Amino acid sequence: MDEYILEIENLTKDFPGVRALDTVNLKVKRGEIHSICGENGAGKSTLMSVISGVYPKGSFEGKVFYKGHETAYHSVKDSEKEGLAIIHQELALSPYLSIYENIFLGHMQTKFGIIHWDTYIKESNKYLNIVGLHEPPETVVSKLGVGKQQLVEIARALSKKVELLILDEPTSSLNDDESEKLLNLILEFKKQGITSVMISHKLNEVLKVADTVTVLRDGKSVSSYDVRADKLSETMIIKDMVGRDLTHRFPERKNVPAEVVMEVKNWTVYHPDYHSIKVVDDVSFNLRRGEILAFCGPMGAGRTELMMSIFGKSYGSRSEGEVLINGKKANLHSCKAAMKAGLGYISEDRKNLGLILIQDIRTNITNSSLEKISRSGIVDSHKEIMVAEKYRAELSIRTPSVFQVTRNLSGGNQQKVVVSRSLMADPDIFIVDEPTRGIDVGAKSEIYSILNNMAAQGKSVIMVSSELPEALGMADRIYVMNEGKIKGMLMHEEATQEKIMHLALVG
Amino acid sequence: MGEKTIRTTDFMTIFKNNIRNYSMFLILALIMLIFAPMTNWRNFSARNLTNIFFQYSYVLILAVGMVQCIIILGIDLSVGSVCAFVGALTAMIYNSGAGMPVTIVSGLVIGLSIGAFQGLWVAYAKIPAFIVTLAGMMLFRGLTYFVTNINPISLRNDGYSYLATGTIDEVLKLGPIVDNGSIRLFPAALVAGTLMVLVFIVSEVMIRQRKIANDFVVSSTPIFIGKLAIISVLVLALAERFAEYRGLPIAVLVVGVTVFIFQFILNNTVLGRYIYAVGGNSRSAKLSGINSEFITFIVFCFMGLLAGLAAVVSTGYMNTALPQAGLNFEMDAIAACYIGGVSAAGGIGSVIGVIVGGLVMSAINNGMSLMNLGQHYQYVVKAAVVLFAVFYDVYTRRKAGLG
């Protein structure tokens, strides 16, 4: 057997106007866990797409060797037949089908074209046990949380007799518990001889499970380390990813919060479909001027629902309670009303709720604030371009031009466009939901600086975050939520990861 | 000029970015050229080109409204029936002694009300546009039969039809400015054409100067001059064709003003930006503070207004209000939109594009009529063209990473 299950030689891939991969070299040993790190836009996802056959032979230069022979895939199906499975960051399940249907979708054996479901239900239990998903196989996957959906995807890969498993940001949508389970699963797979290639931004996880780490930067393969032999550290990885030393992950905080600027009293939100279920239950909190507030809690705690319902009743069938802004009762019945009252909101789902993907950067940035660049309803297109360029420079959005369609941008740059749009609308109270999810270290640091600057200018920031280090590093106060209720509040000085988790789960 | 270096894009970049728009014009030219030898070049004659605009202006007007509906992921299937209904009502209003201005305005008002009515259901009751306007299609057809007593309504005199089949020169009683036996040229089209070209050149130059002053990237000077030259030549050539036959058709003026107004709205106003935003992603648009429901409502109002206008034009062309008028109008308008580059996924489309799309369809219809090919051929060819246009659109979008 070859030592290397996957070898990539001088791979170059171009898109219109962009060189995504530039003579990339990569060697993955059979049976190892190989992690690929790099900033957003470094080319990781593109590389995976080339390996798995999404980009067929002929659409790139260079050679890909799998199990010793050169690959010539025309589609993902070709690579799947050879034991290669890729689990994308954006899950590719059929939401209205059941677990077992999703597992065997596309590779079912039939008798005269008829599927015998019973065999499949039994088969699926086998895989569900391996991945540790204890749900009835008939469950419709859209009813499962993201973490469990991911396990279904992995079960699917296993059912295809996978030899090389590629995982793109596997724990980005998972909480700590689920992440731990998943990483252990990958280690289990290693014992069974399955090779795993893992793209991840979570460097602590990478160092925990990976044998080899390859760093990509700007489409080039910069370095490759043996984790144990080279005594690889997070600092070393970051340095290669970013090309510069990042000594401070979080900016210096000099916030001095002043008077209360927003007060939410007894806020209750009912589920959009099940009108008697409370998704947010009698929540009360306050926000001071110049303050950064964090909302932490496990998935499903109700944080996003709380924020979205405050911002223009964008979630829920009904809501009760009061919101006071600067002491006066505020009627936030629509997003426009909320924006007029000084609120700004950045959704955690930047692709579906934050951006208009088919439109370019310039249009996305200005959509919330067209009145600022127009006179009597007529848009000044020159001002529009100048404003967009201003934000491009200020936030270092990496793009050939502001006319680039946002769909083609990397996650970090997309997030910067959404942030720019909010900044242009100039809110006093800035609600950001998962501001740095799926974003590289460099862009994260830039966004932290922006949030800090806003607080320093006397604005207020509410940050919903599932990354505890982020909340601990950035926030003046942390509210902990679970099951729709506020479980407690911690000041910056006294907060620790353990205390947050304790409040959330124990109370 | 000063020593400022001008940042320019090269031909290939411009070509790639605008290939969709340019290819539609090229296809139109190609279709005319294909039919030319088959019709003995009659299709390029002054008389034929003028007749194309007389006959198909209503489709172009409807397409301007329909493209906005499709951009916001809606549709309006009722426009044919609405044209018949408004045609009948305006015919009756005209026959009661009202002048053309009053008749036209009432047509617009009735159309607008119908659009608002349907818009309320789509935007606020959130019933799919397909269903609402399908119901509208049936409702207004029924009302047309009711109002006309299932009999055609003839117009009391020719005044009504001037809008659809008259020319400026005839209405203003302008004689030909050139008349040497072999060629007669009426002035209005030439004047209008020259004016348009001058305004166009001046505004384009001013826009370019401002871009250069702000250090934006512009097309290189030879390409810029080339673009101005080609467009100017085409406009003047068309103007000459009109001038050689009966002069500038009023219908062309109507279409021209309509196109200008709505192209301006869509491209340069806040309302236009909102329409594209709602079409691109209405949930995102909402969270950006845009009132998606209101925008949807407005778009259907626009469609109704334009259906009212198209009603007066098409009724004038037929010189009668027929109870079965307007048949398949919505199909023609929708086809024009898709040939003209609108996207089924919403958020993409332009007024100029669908006008060219409409002209492509008209050129095909016209060419086949000149060749005396029956209606059945025309349907088949139309279907093939629409399919090809959408396929081409999806294919090029996918290649460019947009789709």
# chains A, B, ... in the order shown; residues from 1 in each chain; ligands from 1
call {"tool": "residues_around", "arguments": {"residues": "region 282-287 of chain A", "least_positions_apart": "6", "cutoff": "7 Å", "atoms": "only C-alpha atoms", "output": "list in words"}}
result
Val260, Val261, Met262, Glu263, Val264, Lys265, Asn266, Trp267, Thr268, Lys485 and Ile486 of chain A
call {"tool": "interface_residues", "arguments": {"of": "chain A", "to": "chain B", "cutoff": "9 Å", "atoms": "only C-alpha atoms", "output": "CSV table (one decimal) with N, CA and C atoms, in the first residue's frame"}}
result
chain,number,residue,atom,x,y,z
A,15,PHE,N,-10.4,31.3,-11.4
A,15,PHE,CA,-11.8,31.7,-11.7
A,15,PHE,C,-11.7,33.0,-12.4
A,16,PRO,N,-12.8,33.4,-13.1
A,16,PRO,CA,-12.7,34.7,-13.8
A,16,PRO,C,-12.2,35.8,-12.8
A,311,PHE,N,-35.7,43.3,17.0
A,311,PHE,CA,-35.4,44.1,15.8
A,311,PHE,C,-36.6,43.9,14.8
A,312,GLY,N,-37.6,44.7,15.0
A,312,GLY,CA,-38.7,44.8,14.0
A,312,GLY,C,-39.6,43.6,13.9
A,314,SER,N,-39.0,40.5,13.7
A,314,SER,CA,-38.6,39.6,12.6
A,314,SER,C,-38.7,38.2,12.9
A,334,SER,N,-41.5,47.3,12.9
A,334,SER,CA,-40.9,46.8,11.6
A,334,SER,C,-39.4,47.1,11.7
A,335,CYS,N,-38.7,46.5,10.8
A,335,CYS,CA,-37.2,46.7,10.7
A,335,CYS,C,-36.9,48.1,10.5
A,336,LYS,N,-37.7,48.8,9.7
A,336,LYS,CA,-37.4,50.2,9.4
A,336,LYS,C,-37.6,51.0,10.7
A,337,ALA,N,-38.7,50.7,11.4
A,337,ALA,CA,-38.9,51.4,12.7
A,337,ALA,C,-37.8,51.2,13.7
A,338,ALA,N,-37.3,50.0,13.7
A,338,ALA,CA,-36.2,49.6,14.6
A,338,ALA,C,-35.0,50.4,14.2
A,339,MET,N,-34.7,50.5,12.9
A,339,MET,CA,-33.5,51.2,12.4
A,339,MET,C,-33.7,52.7,12.7
A,344,GLY,N,-29.4,48.5,15.0
A,344,GLY,CA,-28.8,47.8,13.8
A,344,GLY,C,-28.7,46.3,14.1
A,345,TYR,N,-28.9,45.5,13.0
A,345,TYR,CA,-28.9,44.1,13.3
A,345,TYR,C,-28.1,43.3,12.2
A,346,ILE,N,-27.2,42.4,12.7
A,346,ILE,CA,-26.5,41.6,11.7
A,346,ILE,C,-26.8,40.2,12.0
A,347,SER,N,-27.4,39.5,11.1
A,347,SER,CA,-27.9,38.1,11.3
A,347,SER,C,-26.8,37.1,11.3
A,350,ARG,N,-25.5,34.9,7.3
A,350,ARG,CA,-25.2,36.1,6.4
A,350,ARG,C,-25.6,35.8,5.0
A,351,LYS,N,-25.6,34.5,4.6
A,351,LYS,CA,-26.0,34.2,3.2
A,351,LYS,C,-27.4,34.4,2.9
A,352,ASN,N,-28.3,34.0,3.8
A,352,ASN,CA,-29.7,34.1,3.5
A,352,ASN,C,-30.4,35.3,4.0
A,353,LEU,N,-29.9,35.9,5.1
A,353,LEU,CA,-30.6,37.0,5.7
A,353,LEU,C,-29.7,38.2,5.8
A,354,GLY,N,-28.4,38.1,5.5
A,354,GLY,CA,-27.6,39.3,5.6
A,354,GLY,C,-27.3,39.9,4.2
A,355,LEU,N,-27.1,39.1,3.2
A,355,LEU,CA,-26.7,39.6,1.9
A,355,LEU,C,-27.7,39.3,0.9
A,356,ILE,N,-27.6,40.1,-0.2
A,356,ILE,CA,-28.3,39.7,-1.4
A,356,ILE,C,-27.2,39.2,-2.4
A,357,LEU,N,-27.1,37.8,-2.4
A,357,LEU,CA,-25.9,37.2,-3.0
A,357,LEU,C,-25.7,37.6,-4.4
A,358,ILE,N,-26.8,37.8,-5.2
A,358,ILE,CA,-26.6,38.0,-6.6
A,358,ILE,C,-26.3,39.5,-6.9
A,359,GLN,N,-26.3,40.3,-5.9
A,359,GLN,CA,-25.9,41.7,-6.1
A,359,GLN,C,-24.5,41.9,-5.7
A,363,THR,N,-23.8,47.5,-4.0
A,363,THR,CA,-25.3,47.6,-3.8
A,363,THR,C,-25.6,47.1,-2.4
A,364,ASN,N,-25.0,46.0,-2.0
A,364,ASN,CA,-25.2,45.4,-0.7
A,364,ASN,C,-24.9,46.4,0.4
A,367,ASN,N,-27.7,49.3,0.5
A,367,ASN,CA,-29.1,49.0,0.5
A,367,ASN,C,-29.9,49.6,1.7
A,368,SER,N,-29.2,49.7,2.9
A,368,SER,CA,-29.9,50.1,4.1
A,368,SER,C,-29.9,51.6,4.2
A,369,SER,N,-29.1,52.3,3.4
A,369,SER,CA,-28.9,53.7,3.7
A,369,SER,C,-29.0,54.5,2.4
A,370,LEU,N,-29.9,54.1,1.5
A,370,LEU,CA,-29.9,54.8,0.2
A,370,LEU,C,-30.3,56.3,0.3
A,371,GLU,N,-31.0,56.6,1.4
A,371,GLU,CA,-31.4,58.0,1.5
A,371,GLU,C,-30.2,58.9,1.7
A,374,SER,N,-28.8,59.8,-1.9
A,374,SER,CA,-29.7,60.2,-3.0
A,374,SER,C,-30.4,61.5,-2.7
A,376,SER,N,-34.0,63.5,-3.5
A,376,SER,CA,-35.4,63.4,-4.0
A,376,SER,C,-35.6,62.0,-4.7
A,377,GLY,N,-35.1,61.0,-4.1
A,377,GLY,CA,-35.4,59.7,-4.6
A,377,GLY,C,-34.5,59.2,-5.7
A,378,ILE,N,-33.6,60.1,-6.2
A,378,ILE,CA,-32.6,59.7,-7.3
A,378,ILE,C,-31.3,59.4,-6.7
A,379,VAL,N,-30.8,58.2,-6.9
A,379,VAL,CA,-29.5,57.8,-6.3
A,379,VAL,C,-28.3,58.4,-7.1
A,380,ASP,N,-27.4,58.9,-6.3
A,380,ASP,CA,-26.2,59.4,-6.9
A,380,ASP,C,-25.2,58.3,-7.0
A,381,SER,N,-25.1,57.7,-8.2
A,381,SER,CA,-24.3,56.5,-8.3
A,381,SER,C,-22.8,56.7,-8.1
A,382,HIS,N,-22.3,57.9,-8.3
A,382,HIS,CA,-20.9,58.2,-8.0
A,382,HIS,C,-20.6,58.1,-6.5
A,385,ILE,N,-20.5,54.6,-5.3
A,385,ILE,CA,-19.3,53.9,-5.5
A,385,ILE,C,-18.2,54.4,-4.5
A,386,MET,N,-18.2,55.7,-4.3
A,386,MET,CA,-17.2,56.3,-3.3
A,386,MET,C,-17.4,55.7,-1.9
A,405,VAL,N,-19.6,40.4,-7.4
A,405,VAL,CA,-20.8,39.8,-6.9
A,405,VAL,C,-20.5,39.2,-5.5
A,407,ARG,N,-21.7,36.8,-3.9
A,407,ARG,CA,-21.8,35.3,-3.9
A,407,ARG,C,-20.4,34.7,-4.0
A,408,ASN,N,-19.5,35.4,-4.8
A,408,ASN,CA,-18.2,34.9,-5.1
A,408,ASN,C,-17.2,35.2,-4.0
A,421,ARG,N,-22.5,47.4,5.7
A,421,ARG,CA,-23.9,47.9,5.5
A,421,ARG,C,-24.5,48.4,6.7
A,422,SER,N,-24.2,47.7,7.8
A,422,SER,CA,-24.8,48.2,9.1
A,422,SER,C,-24.1,49.5,9.6
call {"tool": "select_by_dssp", "arguments": {"residues": "region 38-205 of chain A", "states": "strand (DSSP E)", "output": "PyMOL selection string"}}
result
chain A and resi 38+61-66+69-70+84-87+164-168+195-199
call {"tool": "atom_distance", "arguments": {"atom1": "CA of Gln89 (chain A)", "atom2": "CA of Ser200 (chain A)"}}
result
10.1 Å
call {"tool": "residues_around", "arguments": {"residues": "region 173-179 of chain A", "least_positions_apart": "3", "cutoff": "8 Å", "atoms": "only C-alpha atoms", "output": "MDAnalysis selection string"}}
result
chainID A and resid 146:147 170 182:183 298:299 466
call {"tool": "write_last_selection", "arguments": {"atoms": "C-alpha atoms", "output": "PDB file, in the first residue's frame"}}
result
ATOM      1  CA  VAL A 146     -27.439  21.332  12.957  1.00  0.00           C
ATOM      2  CA  GLY A 147     -25.156  19.184  15.089  1.00  0.00           C
ATOM      3  CA  PRO A 170     -17.049  20.204  10.852  1.00  0.00           C
ATOM      4  CA  LEU A 182     -17.335  14.644  16.628  1.00  0.00           C
ATOM      5  CA  LEU A 183     -13.612  14.932  17.234  1.00  0.00           C
ATOM      6  CA  PRO A 298     -26.183  26.564  24.095  1.00  0.00           C
ATOM      7  CA  MET A 299     -27.833  26.193  20.714  1.00  0.00           C
ATOM      8  CA  SER A 466     -21.223  30.753  20.832  1.00  0.00           C
TER       9      SER A 466
END
call {"tool": "select_by_dssp", "arguments": {"residues": "region 64-288 of chain B", "states": "helix (DSSP H, G or I)", "output": "ChimeraX atom specification"}}
result
/B:64-71,79-95,100-123,129-148,158-165,168-171,187-213,221-245,250-268,270-280,282-287
call {"tool": "atom_distance", "arguments": {"atom1": "CA of Asp393 (chain B)", "atom2": "CA of Gly341 (chain B)"}}
result
6.6 Å
call {"tool": "residues_around", "arguments": {"residues": "Thr50 (chain B)", "least_positions_apart": "4", "cutoff": "10 Å", "atoms": "only C-alpha atoms", "output": "VMD selection string"}}
result
chain B and resid 44 to 46 54 to 55 165 167 238 to 239 241 to 249 252
call {"tool": "write_last_selection", "arguments": {"atoms": "N, CA and C atoms", "output": "tab-separated table (two decimals), in the first residue's frame"}}
result
chain	number	residue	atom	x	y	z
B	44	PHE	N	-36.31	45.17	-44.25
B	44	PHE	CA	-35.60	46.38	-43.87
B	44	PHE	C	-36.24	47.64	-44.46
B	45	SER	N	-37.32	47.46	-45.21
B	45	SER	CA	-37.90	48.63	-45.88
B	45	SER	C	-38.49	49.58	-44.85
B	46	ALA	N	-38.59	50.84	-45.22
B	46	ALA	CA	-39.11	51.87	-44.32
B	46	ALA	C	-40.52	51.51	-43.87
B	54	PHE	N	-45.76	49.75	-35.26
B	54	PHE	CA	-47.20	49.93	-35.11
B	54	PHE	C	-47.82	48.70	-34.49
B	55	GLN	N	-47.40	47.53	-35.01
B	55	GLN	CA	-48.09	46.31	-34.63
B	55	GLN	C	-47.71	45.81	-33.24
B	165	THR	N	-51.79	54.19	-34.50
B	165	THR	CA	-51.40	54.03	-35.90
B	165	THR	C	-51.10	55.35	-36.58
B	167	THR	N	-48.81	59.08	-37.01
B	167	THR	CA	-47.46	59.60	-36.82
B	167	THR	C	-47.53	61.07	-36.43
B	238	LEU	N	-32.60	54.26	-37.88
B	238	LEU	CA	-34.01	53.94	-37.62
B	238	LEU	C	-34.88	55.18	-37.86
B	239	ALA	N	-34.36	56.33	-37.41
B	239	ALA	CA	-35.11	57.58	-37.61
B	239	ALA	C	-35.32	57.83	-39.09
B	241	ARG	N	-35.52	55.62	-41.42
B	241	ARG	CA	-36.52	54.69	-41.93
B	241	ARG	C	-37.92	55.20	-41.66
B	242	PHE	N	-38.11	55.68	-40.43
B	242	PHE	CA	-39.43	56.23	-40.10
B	242	PHE	C	-39.73	57.41	-41.02
B	243	ALA	N	-38.72	58.28	-41.18
B	243	ALA	CA	-38.93	59.51	-41.95
B	243	ALA	C	-39.30	59.21	-43.39
B	244	GLU	N	-38.78	58.08	-43.89
B	244	GLU	CA	-38.99	57.78	-45.30
B	244	GLU	C	-40.39	57.26	-45.59
B	245	TYR	N	-41.07	56.80	-44.58
B	245	TYR	CA	-42.40	56.22	-44.84
B	245	TYR	C	-43.49	57.22	-44.50
B	246	ARG	N	-43.89	57.23	-43.21
B	246	ARG	CA	-44.94	58.20	-42.87
B	246	ARG	C	-44.52	59.14	-41.75
B	247	GLY	N	-43.30	58.99	-41.29
B	247	GLY	CA	-42.86	59.86	-40.20
B	247	GLY	C	-42.76	59.11	-38.89
B	248	LEU	N	-42.58	59.85	-37.80
B	248	LEU	CA	-42.36	59.25	-36.49
B	248	LEU	C	-43.68	58.75	-35.90
B	249	PRO	N	-43.83	57.43	-35.73
B	249	PRO	CA	-45.08	56.93	-35.16
B	249	PRO	C	-45.26	57.42	-33.73
B	252	VAL	N	-44.24	54.94	-31.19
B	252	VAL	CA	-42.81	54.87	-30.87
B	252	VAL	C	-42.47	55.88	-29.80
call {"tool": "residues_around", "arguments": {"residues": "Ile439 (chain A)", "least_positions_apart": "3", "cutoff": "8 Å", "atoms": "only C-alpha atoms", "output": "list in words"}}
result
Glu39, Asn40, His201, Gly411, Gly412, Thr436, Ala443 and Lys444 of chain A
